[in-house]
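A.B. asks: Please find one structure pasted underneath; my questions will follow.
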Amino acid sequence: MNRRLFPLAAALAAVFAARVSAAETAPRNPVLLIHGIKDDARKMEPMARYLRAQGWDAKTMSLRPSWGQKGLDVLAGQVAQFVGENYAPGEKIDLVAFSMGGLVTRYYLQRLGGLDRVQRYITLSVPHRGTLLAWLIPNDGCRQMRPGSAFLRDLASDAHRLAQLDCTSFWTPLDTIIVPPRSSVIPQARNERIVIAAHPLMVWQPAMHRAVASALSR
């Protein structure tokens with residue numbers, strides 16, 4: 001290397017090292033992980049344990065009932081209550097939501113004041129635009145997850161508000177629960193296609209744990 005370039009290279013290296021150090025030591029928001037249909041907090045615990053090992057304060061909660069017997073707007077009220085009881089007033093948090101939990105948290109964000117509490121919003125195989133499989137179950141929650149439902153139309157009416165968050169949507173083209181799989185893609189998010197073999201594996205695969213940690217680090 002030309003000797004004249006040594007000072008420049010050294011300066012660039014110092015700047016890079018400083019930025020990496022700042023990223024590693026920057027305070028992290030607590031993370032709340034929300035499960036999907038017919039599940040409870042245990043579904044998200046493997047991902048939560050991974051995040052805790054990486055230095056995050058990661059909590060899980062159970063939505064009850066979770067099989068769609070109640071509307072997603074009702075379950076969103078449980079999220080709002082959990083946030084109010086477990087985090088300091090005004091404290092920013094990050095949300096990670098799987099499948100049906102993503103629509104529950106969408107309602108919390110857009111209708112129950114969650115946009116003021118959340119900085120990063122990460123969804124995993126969420127039927128943002130509905131799933132055809134929801135036609136198989138005739139209960140309140142599943143009716144709301146059908147493409148074109150009044151619930152989804154209402155959320156779509158001001159979905160642009162999600163752009164104020166750091167929003168990431170992970171989806172897999174191999175999803176057989178979110179039909180079609182691209183229903184997880186929304187313009188307000190950084191949409192990241194990741195090839196995972198099955199819907200439930202979106203919260204279990206180590207590759208997804210790393211991807212979520214990376215999104216939370218932005």
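For the structure tokens, the naming scheme is as follows: chains receive sequential letters (A, B, ...) according to their order of presentation, residues are indexed from 1 within each chain, and ligands are indexed from 1 in presentation order.
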Given only C-alpha atoms, how would the per-residue table for region 73-132 of chain A near region 150-171 of chain A read, listing every residue at most 8 Å away with its closest atom pair and distance in Å to one decimal, sorted by chain and number, as a Markdown table?

C.D. replies:
```
| residue | atom | partner | partner_atom | distance |
| --- | --- | --- | --- | --- |
| A:Arg106 | CA | A:Leu155 | CA | 7.4 |
| A:Tyr107 | CA | A:Leu155 | CA | 7.1 |
| A:Gln110 | CA | A:Leu155 | CA | 7.3 |
| A:Leu115 | CA | A:Leu165 | CA | 7.6 |
| A:Val118 | CA | A:Leu165 | CA | 7.3 |
| A:Gln119 | CA | A:Leu165 | CA | 5.5 |
| A:Arg120 | CA | A:Asp166 | CA | 4.6 |
| A:Tyr121 | CA | A:Cys167 | CA | 4.7 |
| A:Ile122 | CA | A:Thr168 | CA | 4.8 |
| A:Thr123 | CA | A:Ser169 | CA | 4.8 |
| A:Leu124 | CA | A:Phe170 | CA | 5.0 |
| A:Ser125 | CA | A:Trp171 | CA | 4.9 |
| A:Val126 | CA | A:Trp171 | CA | 7.8 |
| A:His128 | CA | A:Leu152 | CA | 7.7 |
| A:Arg129 | CA | A:Leu152 | CA | 6.8 |
| A:Gly130 | CA | A:Leu152 | CA | 7.3 |
```

A.B. asks: Find the residues near region 27-43 of chain A: any atom within 6 Å, counting only C-alpha atoms, skip ones fewer than 6 places away on the same chain, and give them as a list in words.

C.D. replies: Asp57, Ala58, Lys59, Thr60, Met61, Ser62, Ser66, Trp67, Ile93, Asp94, Leu95, Val96, Ala97, Phe98, Ser99, Met100 and Gly101 of chain A

A.B. asks: Let's see if you can do this: from backbone DSSP, list all strand (DSSP E) residues in chain A, as an MDAnalysis selection string.

C.D. replies: chainID A and resid 31:34 58:61 93:98 118:124 166:171 190:193

A.B. asks: Any idea what's packed within 8 Å of Arg182 (chain A), counting only C-alpha atoms, ignoring anything in its chain fewer than 2 positions away? Could you give it as a ChimeraX atom specification?

C.D. replies: /A:171,173,179-180,184-185

A.B. asks: Would you save the residues of that selection, restricted to N, CA and C atoms, as an mmCIF file, in the first residue's frame?

C.D. replies:
```cif
data_model
loop_
_atom_site.group_PDB
_atom_site.id
_atom_site.type_symbol
_atom_site.label_atom_id
_atom_site.label_comp_id
_atom_site.auth_asym_id
_atom_site.auth_seq_id
_atom_site.Cartn_x
_atom_site.Cartn_y
_atom_site.Cartn_z
ATOM 1 N N TRP A 171 -41.150 -13.278 5.669
ATOM 2 C CA TRP A 171 -42.112 -14.217 5.103
ATOM 3 C C TRP A 171 -41.376 -15.304 4.340
ATOM 4 N N PRO A 173 -41.826 -18.179 1.138
ATOM 5 C CA PRO A 173 -42.669 -18.596 0.009
ATOM 6 C C PRO A 173 -43.223 -20.011 0.180
ATOM 7 N N VAL A 179 -51.932 -18.071 3.125
ATOM 8 C CA VAL A 179 -52.221 -18.364 1.710
ATOM 9 C C VAL A 179 -52.966 -17.181 1.087
ATOM 10 N N PRO A 180 -52.343 -16.536 0.083
ATOM 11 C CA PRO A 180 -51.017 -16.808 -0.465
ATOM 12 C C PRO A 180 -49.913 -16.273 0.462
ATOM 13 N N SER A 184 -48.068 -11.645 3.477
ATOM 14 C CA SER A 184 -47.247 -11.069 4.547
ATOM 15 C C SER A 184 -46.494 -9.817 4.101
ATOM 16 N N VAL A 185 -46.505 -9.528 2.824
ATOM 17 C CA VAL A 185 -45.757 -8.390 2.279
ATOM 18 C C VAL A 185 -46.616 -7.128 2.327
#
```

A.B. asks: Would you list, as a PyMOL selection string, the residues of region 40-214 of chain A that end up in alpha helix (DSSP H) under DSSP run on this structure's backbone?

C.D. replies: chain A and resi 45-53+72-86+100-111+140-144+150-157+206-214

A.B. asks: For Asp140 (chain A), which residue out of A:Arg52, A:Leu72, A:Met47, A:Ala211 is the nearest one, using only C-alpha atoms?

C.D. replies: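 Among the listed residues, A:Leu72 lies closest to Asp140 (chain A).
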
A.B. asks: Go through A:Leu75, A:Ala207, A:Leu51, A:Ala80 one by one, measure the shortest atom-to-atom distance of each to Val195 (chain A) using only C-alpha atoms, and give the residue with the smallest value.

C.D. replies: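 Closest candidate: A:Ala207.
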
A.B. asks: A:Ile178, A:Val79, A:Val104, A:Ala88: which is nearest Pro127 (chain A), counting only C-alpha atoms?

C.D. replies: A:Ile178

A.B. asks: Which residue gives the smallest distance to Met202 (chain A) among A:Gly141, A:Met44, A:Gln69, A:Gln54, with only C-alpha atoms counted?

C.D. replies: A:Met44
